[in-house]
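Student: Contents of data_10.csv (CSV, C-alpha atoms) are below:
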```csv
chain,number,residue,atom,x,y,z
A,1,MET,CA,-8.2,11.4,25.5
A,2,ASN,CA,-10.3,11.4,28.6
A,3,GLN,CA,-13.5,12.4,26.9
A,4,LYS,CA,-16.6,10.9,28.4
A,5,SER,CA,-18.8,8.7,26.4
A,6,THR,CA,-20.9,10.6,24.0
A,7,GLU,CA,-23.7,10.0,21.6
A,8,THR,CA,-23.0,13.0,19.4
A,9,ALA,CA,-22.8,11.9,15.8
A,10,SER,CA,-19.8,14.0,15.0
A,11,ALA,CA,-17.7,13.2,18.1
A,12,THR,CA,-15.7,10.2,19.0
A,13,GLN,CA,-17.2,7.6,21.3
A,14,SER,CA,-15.9,5.6,24.2
A,15,VAL,CA,-16.5,2.3,25.8
A,16,ILE,CA,-15.9,2.4,29.6
A,17,VAL,CA,-15.9,-0.6,31.8
A,18,GLU,CA,-15.0,-0.2,35.5
A,19,ARG,CA,-15.1,-2.5,38.4
A,20,GLU,CA,-14.0,-2.7,42.1
A,21,ILE,CA,-11.5,-5.5,42.4
A,22,PRO,CA,-10.5,-7.0,45.7
A,23,HIS,CA,-6.8,-7.0,44.9
A,24,ALA,CA,-4.0,-4.5,45.4
A,25,PRO,CA,-3.1,-2.2,42.5
A,26,GLU,CA,0.4,-3.7,42.4
A,27,LYS,CA,-1.0,-7.1,41.7
A,28,ILE,CA,-3.4,-6.0,39.0
A,29,TRP,CA,-0.5,-4.0,37.5
A,30,ARG,CA,1.4,-7.2,37.0
A,31,ALA,CA,-1.5,-8.8,35.3
A,32,LEU,CA,-1.8,-5.8,33.0
A,33,THR,CA,1.9,-5.6,32.1
A,34,GLN,CA,3.5,-9.0,32.2
A,35,PRO,CA,3.1,-10.8,28.8
A,36,HIS,CA,2.5,-14.3,30.2
A,37,LEU,CA,-0.2,-12.9,32.5
A,38,ILE,CA,-1.7,-10.7,29.8
A,39,GLU,CA,-2.1,-13.8,27.7
A,40,GLU,CA,-4.2,-15.4,30.4
A,41,TRP,CA,-7.0,-12.9,30.4
A,42,LEU,CA,-6.6,-11.0,27.1
A,43,MET,CA,-4.5,-12.4,24.3
A,44,LYS,CA,-1.1,-13.7,23.2
A,45,ASN,CA,1.2,-10.7,23.0
A,46,ASN,CA,4.7,-9.3,23.0
A,47,PHE,CA,4.0,-6.4,25.3
A,48,MET,CA,6.8,-4.4,27.0
A,49,PRO,CA,6.1,-1.6,29.5
A,50,VAL,CA,8.0,1.0,27.5
A,51,VAL,CA,6.5,4.1,26.0
A,52,GLY,CA,6.7,3.9,22.2
A,53,HIS,CA,7.0,0.1,22.2
A,54,ARG,CA,4.9,-1.5,19.4
A,55,PHE,CA,3.3,-4.8,20.2
A,56,ASP,CA,0.5,-6.9,18.9
A,57,LEU,CA,-2.2,-9.0,20.6
A,58,ARG,CA,-3.1,-12.2,18.7
A,59,ALA,CA,-6.2,-14.2,18.7
A,60,ASP,CA,-7.8,-16.8,16.5
A,61,TRP,CA,-9.8,-14.1,14.7
A,62,GLY,CA,-6.8,-11.9,13.9
A,63,SER,CA,-4.5,-9.4,15.7
A,64,VAL,CA,-4.6,-6.0,17.2
A,65,ASP,CA,-1.8,-3.5,16.5
A,66,CYS,CA,-0.8,-1.6,19.6
A,67,LYS,CA,1.7,1.0,20.7
A,68,VAL,CA,2.4,2.0,24.3
A,69,LEU,CA,1.4,5.7,24.8
A,70,ALA,CA,1.7,6.3,28.5
A,71,ILE,CA,2.8,4.3,31.5
A,72,GLU,CA,2.9,5.1,35.2
A,73,ALA,CA,3.5,2.1,37.3
A,74,ASN,CA,0.6,0.8,39.4
A,75,ARG,CA,-1.6,3.8,38.3
A,76,THR,CA,-2.1,4.1,34.6
A,77,LEU,CA,-1.4,2.4,31.3
A,78,SER,CA,-2.4,3.5,27.9
A,79,TYR,CA,-1.9,2.0,24.4
A,80,THR,CA,-3.3,2.3,20.9
A,81,TRP,CA,-5.7,-0.4,19.8
A,82,ASP,CA,-6.0,-0.7,16.0
A,83,ALA,CA,-7.9,-3.6,14.8
A,84,MET,CA,-10.7,-4.5,12.4
A,85,GLY,CA,-10.9,-1.1,10.9
A,86,LEU,CA,-11.0,0.7,14.2
A,87,GLU,CA,-8.3,3.1,15.5
A,88,SER,CA,-8.7,3.6,19.2
A,89,VAL,CA,-6.9,4.1,22.5
A,90,VAL,CA,-7.2,1.8,25.5
A,91,THR,CA,-6.5,3.5,28.9
A,92,TRP,CA,-6.3,1.6,32.2
A,93,THR,CA,-6.6,3.5,35.4
A,94,LEU,CA,-6.0,1.9,38.8
A,95,THR,CA,-7.1,3.7,41.9
A,96,PRO,CA,-6.7,2.3,45.4
A,97,ALA,CA,-10.1,1.7,47.0
A,98,GLY,CA,-10.2,0.3,50.5
A,99,LYS,CA,-8.4,-3.0,50.5
A,100,GLY,CA,-8.8,-3.3,46.8
A,101,THR,CA,-8.7,-1.3,43.6
A,102,HIS,CA,-11.0,0.6,41.4
A,103,LEU,CA,-10.1,-0.6,37.9
A,104,ARG,CA,-11.2,1.5,34.9
A,105,MET,CA,-10.8,0.7,31.2
A,106,GLU,CA,-11.7,3.3,28.7
A,107,GLN,CA,-11.5,2.5,25.0
A,108,SER,CA,-11.9,5.8,23.2
A,109,GLY,CA,-11.6,7.4,19.8
A,110,PHE,CA,-14.1,5.5,17.8
A,111,ARG,CA,-15.6,7.6,15.1
A,112,PRO,CA,-19.1,6.8,14.2
A,113,ASP,CA,-18.1,6.4,10.6
A,114,GLN,CA,-15.8,3.5,11.6
A,115,GLN,CA,-18.7,1.4,12.8
A,116,GLN,CA,-19.4,-0.4,9.7
A,117,ALA,CA,-15.8,-0.9,8.8
A,118,TYR,CA,-15.4,-2.5,12.2
A,119,GLN,CA,-18.4,-4.7,11.8
A,120,GLY,CA,-17.5,-5.7,8.3
A,121,ALA,CA,-13.9,-6.5,9.1
A,122,GLN,CA,-14.8,-8.4,12.3
A,123,TYR,CA,-16.9,-10.9,10.5
A,124,GLY,CA,-15.1,-10.8,7.2
A,125,TRP,CA,-18.0,-9.1,5.6
A,126,GLN,CA,-16.5,-5.8,4.8
A,127,LYS,CA,-17.6,-6.0,1.2
A,128,PHE,CA,-21.1,-7.0,2.2
A,129,PHE,CA,-21.4,-4.0,4.6
A,130,ALA,CA,-19.8,-1.6,2.2
A,131,SER,CA,-22.4,-2.5,-0.4
A,132,LEU,CA,-25.1,-2.5,2.2
A,133,GLU,CA,-24.0,0.9,3.4
A,134,GLN,CA,-24.4,2.2,-0.1
A,135,VAL,CA,-27.9,0.7,-0.3
A,136,LEU,CA,-28.9,2.1,3.1
A,137,GLY,CA,-27.4,5.5,2.2
A,138,ARG,CA,-29.6,5.6,-0.8
A,139,ALA,CA,-32.7,4.6,1.3
A,140,ASP,CA,-32.5,7.8,3.4
B,1,MET,CA,-33.5,-17.6,24.3
B,2,THR,CA,-31.2,-17.0,21.4
B,3,ASN,CA,-29.2,-13.9,21.2
B,4,PRO,CA,-30.6,-11.6,18.5
B,5,HIS,CA,-27.1,-11.0,17.2
B,6,ASP,CA,-26.6,-14.8,16.8
B,7,MET,CA,-29.8,-15.1,14.9
B,8,LEU,CA,-28.9,-12.2,12.5
B,9,PHE,CA,-25.5,-13.6,11.9
B,10,ARG,CA,-26.8,-17.1,11.4
B,11,THR,CA,-29.4,-15.8,9.0
B,12,LEU,CA,-26.9,-13.8,7.0
B,13,ALA,CA,-24.1,-16.3,7.1
B,14,ASP,CA,-25.6,-18.1,4.1
B,15,PRO,CA,-24.3,-16.5,0.9
B,16,THR,CA,-27.5,-17.2,-1.1
B,17,ARG,CA,-29.7,-15.8,1.6
B,18,ARG,CA,-27.5,-12.8,2.0
B,19,ALA,CA,-27.6,-12.2,-1.7
B,20,ILE,CA,-31.4,-12.3,-1.6
B,21,PHE,CA,-31.5,-9.8,1.2
B,22,GLU,CA,-29.0,-7.5,-0.5
B,23,ARG,CA,-31.0,-7.6,-3.7
B,24,LEU,CA,-34.2,-6.7,-1.8
B,25,CYS,CA,-32.3,-3.8,-0.2
B,26,ARG,CA,-31.0,-2.6,-3.5
B,27,GLU,CA,-33.9,-3.1,-5.8
B,28,GLY,CA,-36.9,-2.9,-3.5
B,29,GLU,CA,-39.9,-5.2,-3.3
B,30,GLN,CA,-39.8,-8.4,-5.4
B,31,THR,CA,-41.8,-11.6,-5.9
B,32,VAL,CA,-40.4,-15.0,-5.3
B,33,GLY,CA,-40.5,-15.6,-9.0
B,34,ALA,CA,-38.4,-12.6,-9.8
B,35,LEU,CA,-35.9,-13.4,-7.0
B,36,THR,CA,-35.6,-17.0,-8.2
B,37,ALA,CA,-34.8,-15.9,-11.7
B,38,GLN,CA,-31.5,-14.4,-10.4
B,39,ALA,CA,-30.8,-16.5,-7.3
B,40,GLY,CA,-29.3,-19.5,-9.1
B,41,VAL,CA,-31.3,-21.9,-6.9
B,42,SER,CA,-34.8,-23.4,-7.2
B,43,GLN,CA,-38.0,-21.5,-6.2
B,44,PRO,CA,-38.6,-23.8,-3.2
B,45,ALA,CA,-35.1,-23.0,-2.0
B,46,VAL,CA,-35.7,-19.3,-2.4
B,47,SER,CA,-39.0,-19.5,-0.5
B,48,LYS,CA,-37.2,-21.3,2.3
B,49,HIS,CA,-34.5,-18.6,2.5
B,50,LEU,CA,-37.2,-16.0,2.5
B,51,GLY,CA,-38.9,-17.8,5.4
B,52,VAL,CA,-35.7,-17.7,7.4
B,53,LEU,CA,-35.1,-14.0,6.6
B,54,LYS,CA,-38.7,-13.3,7.6
B,55,GLU,CA,-38.3,-15.1,10.9
B,56,ALA,CA,-35.2,-13.0,11.6
B,57,GLY,CA,-37.2,-9.8,10.9
B,58,LEU,CA,-35.1,-9.0,7.9
B,59,VAL,CA,-37.9,-9.2,5.3
B,60,LEU,CA,-41.6,-8.5,5.2
B,61,ASP,CA,-44.1,-10.3,3.0
B,62,ARG,CA,-47.2,-8.9,1.4
B,63,HIS,CA,-49.8,-11.0,-0.3
B,64,ALA,CA,-51.4,-9.7,-3.5
B,65,GLY,CA,-53.6,-12.1,-5.4
B,66,ARG,CA,-51.6,-15.3,-6.1
B,67,GLN,CA,-48.3,-13.5,-5.6
B,68,THR,CA,-46.3,-12.8,-2.5
B,69,HIS,CA,-44.1,-9.8,-2.6
B,70,TYR,CA,-41.1,-9.5,-0.3
B,71,SER,CA,-39.3,-6.4,0.9
B,72,ALA,CA,-36.2,-5.8,3.0
B,73,ARG,CA,-36.3,-4.4,6.5
B,74,PRO,CA,-32.7,-3.1,6.8
B,75,GLY,CA,-33.5,-1.5,10.2
B,76,ALA,CA,-33.4,-5.1,11.6
B,77,LEU,CA,-29.6,-4.9,11.2
B,78,ALA,CA,-29.3,-2.1,13.7
B,79,PRO,CA,-28.2,-4.4,16.6
B,80,LEU,CA,-25.2,-5.5,14.6
B,81,ILE,CA,-24.0,-2.0,14.0
B,82,ASP,CA,-24.1,-1.2,17.7
B,83,TRP,CA,-20.4,-1.8,18.2
B,84,THR,CA,-20.2,0.0,21.6
B,85,SER,CA,-22.4,-2.7,23.2
B,86,GLN,CA,-20.3,-5.4,21.6
B,87,MET,CA,-17.0,-3.9,22.8
B,88,THR,CA,-18.5,-3.4,26.2
B,89,GLY,CA,-19.4,-7.1,26.3
B,90,PHE,CA,-15.9,-8.0,25.1
B,91,TRP,CA,-14.2,-6.0,27.9
B,92,GLN,CA,-16.6,-7.3,30.6
B,93,ASN,CA,-15.6,-10.8,29.6
B,94,ARG,CA,-11.9,-9.8,29.8
B,95,PHE,CA,-12.5,-8.3,33.2
B,96,ASP,CA,-14.0,-11.6,34.3
B,97,ASP,CA,-11.0,-13.5,33.1
B,98,LEU,CA,-8.7,-10.9,34.7
B,99,GLU,CA,-10.4,-11.4,38.1
B,100,ASN,CA,-10.2,-15.1,37.7
B,101,LEU,CA,-6.5,-14.8,37.0
B,102,LEU,CA,-5.9,-12.5,40.0
B,103,GLN,CA,-7.5,-15.1,42.2
B,104,ARG,CA,-5.0,-17.7,41.0
B,105,MET,CA,-1.9,-15.4,41.2
B,106,ASP,CA,0.4,-15.2,44.2
B,107,GLN,CA,0.3,-12.0,46.2
```
Could you spell out this file's structure in C-alpha cells?

Tutor:
Amino acid sequence: MNQKSTETASATQSVIVEREIPHAPEKIWRALTQPHLIEEWLMKNNFMPVVGHRFDLRADWGSVDCKVLAIEANRTLSYTWDAMGLESVVTWTLTPAGKGTHLRMEQSGFRPDQQQAYQGAQYGWQKFFASLEQVLGRAD
Amino acid sequence: MTNPHDMLFRTLADPTRRAIFERLCREGEQTVGALTAQAGVSQPAVSKHLGVLKEAGLVLDRHAGRQTHYSARPGALAPLIDWTSQMTGFWQNRFDDLENLLQRMDQ
C-alpha cells in the first residue's frame, strides 16, 4: 500500500500530493477527521474515525464510497476511495516539521485498465469510451 | 489560453459531433457527403462540426479533387485519459482549501 508511483503498465499507480503546512499536526488532524471540517475542504460526509466504518463523500457530481482502513491519531489515516469506476486507497500521513507539518496524501491502487472506466463514469460517457476503447483497440 | 481538456470536452459534448468522430474512428476516412448521409443533419451542419473537430485536433482533412476526406486522430484524446494528472489537480485544489480552512480554524 506504500508503493511508489510507477509507470509500469502492469502495476498499480499512485497519485501523491505533499505539502509543508504551517500548522500543528493536531490541528490538521481535526480538519481531516471531523465531518463538519471535512465538508469545508473536501465534501459532505458521514465520516467517523473508527476502523471499519463505512462512509460516503457526496458532491454535485456523485459520491465516493469509503471505508476507514487504518487510523493513528495525529499521524496517519487511511480509507478506501471507490468512485467513478476506480477502486483506490487514500492514505494521509502527518509528520511534524519544524513549527508545522509535512502533510502527504497518497491515492494508490489505480490499475491502468481502470483509466477509461474512470474517465467515462466521471463525465457520464462510459458508453462512449467503451465503444471508443473497442475502436482504439482495433486500431493497434 | 483555454485548457486543452476544456476544449476537448466542449468539442465532444455535442452528441452529433461525437457521433461523427466515433464514426471516423470506427470506419476510417470519409467524405462530408458520406458522413452527412448518416448524420441526420444537413451537410453544412456536418461541415461545421468537422471544422470544430479539426480545430480541436480530433480530425484531419485531406483534399482530393472536389472532395474533402476526413479522418480521426484518436491520439488527440490522450490528455483526457491521463487521470493521474487530473487526480493530482483535484488533490492540489483540496490541499488549497484545507490550508484555507486551517487559517480560519482556532488553534

Student: CA of Val52 in chain B and CA of Pro74 in chain B, how far apart in Å?

Tutor: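 Interatomic distance, CA of Pro74 in chain B to CA of Val52 in chain B: 14.9 Å.
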
Student: Which residues come within 12 Å of His63 in chain B, counting all atoms listed in the file, excluding same-chain residues fewer than 4 positions away, as a short mmCIF file (atom, residue, chain, number, x, y, z; two decimals) with C-alpha atoms, in the frame of the given file?

Tutor:
```
data_model
loop_
_atom_site.label_atom_id
_atom_site.label_comp_id
_atom_site.auth_asym_id
_atom_site.auth_seq_id
_atom_site.Cartn_x
_atom_site.Cartn_y
_atom_site.Cartn_z
CA GLU B 29 -39.90 -5.20 -3.30
CA GLN B 30 -39.80 -8.40 -5.40
CA THR B 31 -41.80 -11.60 -5.90
CA VAL B 32 -40.40 -15.00 -5.30
CA GLN B 67 -48.30 -13.50 -5.60
CA THR B 68 -46.30 -12.80 -2.50
CA HIS B 69 -44.10 -9.80 -2.60
CA TYR B 70 -41.10 -9.50 -0.30
CA SER B 71 -39.30 -6.40 0.90
#
```

Student: Residues of chain B within 10 Å of chain A, counting only C-alpha atoms - could you list those as number ranges by chain?

Tutor: B: 9, 13, 18-19, 21-28, 74-75, 80-103, 105-107

Student: Between CA of Leu86 in chain A and CA of Arg58 in chain A, what is the distance in Å, rounded to a tenth?

Tutor: 15.8 Å

Student: What's around Thr91 in chain A at 9 Å? Count all atoms listed in the file, leave out sequence neighbours fewer than 2 positions away in its own chain, and write the answer as a PDB file with C-alpha atoms, keeping the file's coordinate frame.

Tutor:
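This is the output file around.pdb:
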```pdb
ATOM      1  CA  MET A   1      -8.200  11.400  25.500  1.00  0.00           C
ATOM      2  CA  ASN A   2     -10.300  11.400  28.600  1.00  0.00           C
ATOM      3  CA  ALA A  70       1.700   6.300  28.500  1.00  0.00           C
ATOM      4  CA  THR A  76      -2.100   4.100  34.600  1.00  0.00           C
ATOM      5  CA  LEU A  77      -1.400   2.400  31.300  1.00  0.00           C
ATOM      6  CA  SER A  78      -2.400   3.500  27.900  1.00  0.00           C
ATOM      7  CA  TYR A  79      -1.900   2.000  24.400  1.00  0.00           C
ATOM      8  CA  THR A  80      -3.300   2.300  20.900  1.00  0.00           C
ATOM      9  CA  VAL A  89      -6.900   4.100  22.500  1.00  0.00           C
ATOM     10  CA  THR A  93      -6.600   3.500  35.400  1.00  0.00           C
ATOM     11  CA  ARG A 104     -11.200   1.500  34.900  1.00  0.00           C
ATOM     12  CA  MET A 105     -10.800   0.700  31.200  1.00  0.00           C
ATOM     13  CA  GLU A 106     -11.700   3.300  28.700  1.00  0.00           C
ATOM     14  CA  GLN A 107     -11.500   2.500  25.000  1.00  0.00           C
ATOM     15  CA  SER A 108     -11.900   5.800  23.200  1.00  0.00           C
TER      16      SER A 108
END
```

Student: Suppose you want the space between CA of Arg54 in chain A and CA of Trp92 in chain A; what is it in Å?

Tutor: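 These two atoms are separated by 17.3 Å.
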
Student: Counting all atoms listed in the file, I want the residues whose atoms come within 12 Å of (2.5, -5.6, 20.3) in the file frame, returned as a ChimeraX atom specification.

Tutor: /A:33,35,38-39,43-58,63-68,79-83

Student: Check the smallest atom-to-atom distance from each of A:Gly109, A:Pro25, A:Ser88, A:Arg75 to Thr12 in chain A using all atoms listed in the file, then report the winner.

Tutor: A:Gly109

Student: Would you mind writing range 78-92 of chain A with N, CA and C atoms, as a PDB file, in the frame of the given file?

Tutor:
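Okay, this is what ended up in out00.pdb:
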```pdb
ATOM      1  N   SER A  78      -1.635   3.169  29.023  1.00  0.00           N
ATOM      2  CA  SER A  78      -2.400   3.500  27.900  1.00  0.00           C
ATOM      3  C   SER A  78      -1.734   3.044  26.598  1.00  0.00           C
ATOM      4  N   TYR A  79      -2.500   2.424  25.692  1.00  0.00           N
ATOM      5  CA  TYR A  79      -1.900   2.000  24.400  1.00  0.00           C
ATOM      6  C   TYR A  79      -2.936   2.134  23.296  1.00  0.00           C
ATOM      7  N   THR A  80      -2.386   2.281  22.074  1.00  0.00           N
ATOM      8  CA  THR A  80      -3.300   2.300  20.900  1.00  0.00           C
ATOM      9  C   THR A  80      -3.827   0.922  20.698  1.00  0.00           C
ATOM     10  N   TRP A  81      -4.978   0.855  20.065  1.00  0.00           N
ATOM     11  CA  TRP A  81      -5.700  -0.400  19.800  1.00  0.00           C
ATOM     12  C   TRP A  81      -6.250  -0.293  18.400  1.00  0.00           C
ATOM     13  N   ASP A  82      -5.502  -0.810  17.426  1.00  0.00           N
ATOM     14  CA  ASP A  82      -6.000  -0.700  16.000  1.00  0.00           C
ATOM     15  C   ASP A  82      -6.303  -2.111  15.547  1.00  0.00           C
ATOM     16  N   ALA A  83      -7.537  -2.328  15.228  1.00  0.00           N
ATOM     17  CA  ALA A  83      -7.900  -3.600  14.800  1.00  0.00           C
ATOM     18  C   ALA A  83      -9.257  -3.551  14.026  1.00  0.00           C
ATOM     19  N   MET A  84      -9.413  -4.368  13.043  1.00  0.00           N
ATOM     20  CA  MET A  84     -10.700  -4.500  12.400  1.00  0.00           C
ATOM     21  C   MET A  84     -11.279  -3.195  11.939  1.00  0.00           C
ATOM     22  N   GLY A  85     -10.412  -2.353  11.397  1.00  0.00           N
ATOM     23  CA  GLY A  85     -10.900  -1.100  10.900  1.00  0.00           C
ATOM     24  C   GLY A  85     -11.102  -0.007  11.918  1.00  0.00           C
ATOM     25  N   LEU A  86     -10.793  -0.302  13.167  1.00  0.00           N
ATOM     26  CA  LEU A  86     -11.000   0.700  14.200  1.00  0.00           C
ATOM     27  C   LEU A  86      -9.605   1.204  14.682  1.00  0.00           C
ATOM     28  N   GLU A  87      -9.534   2.497  14.900  1.00  0.00           N
ATOM     29  CA  GLU A  87      -8.300   3.100  15.500  1.00  0.00           C
ATOM     30  C   GLU A  87      -8.788   3.662  16.836  1.00  0.00           C
ATOM     31  N   SER A  88      -8.272   3.114  17.915  1.00  0.00           N
ATOM     32  CA  SER A  88      -8.700   3.600  19.200  1.00  0.00           C
ATOM     33  C   SER A  88      -7.587   3.537  20.218  1.00  0.00           C
ATOM     34  N   VAL A  89      -7.876   4.021  21.417  1.00  0.00           N
ATOM     35  CA  VAL A  89      -6.900   4.100  22.500  1.00  0.00           C
ATOM     36  C   VAL A  89      -7.505   3.406  23.724  1.00  0.00           C
ATOM     37  N   VAL A  90      -6.764   2.478  24.318  1.00  0.00           N
ATOM     38  CA  VAL A  90      -7.200   1.800  25.500  1.00  0.00           C
ATOM     39  C   VAL A  90      -6.432   2.403  26.708  1.00  0.00           C
ATOM     40  N   THR A  91      -7.136   2.900  27.710  1.00  0.00           N
ATOM     41  CA  THR A  91      -6.500   3.500  28.900  1.00  0.00           C
ATOM     42  C   THR A  91      -6.962   2.767  30.145  1.00  0.00           C
ATOM     43  N   TRP A  92      -6.010   2.235  30.884  1.00  0.00           N
ATOM     44  CA  TRP A  92      -6.300   1.600  32.200  1.00  0.00           C
ATOM     45  C   TRP A  92      -5.966   2.539  33.287  1.00  0.00           C
TER      46      TRP A  92
END
```
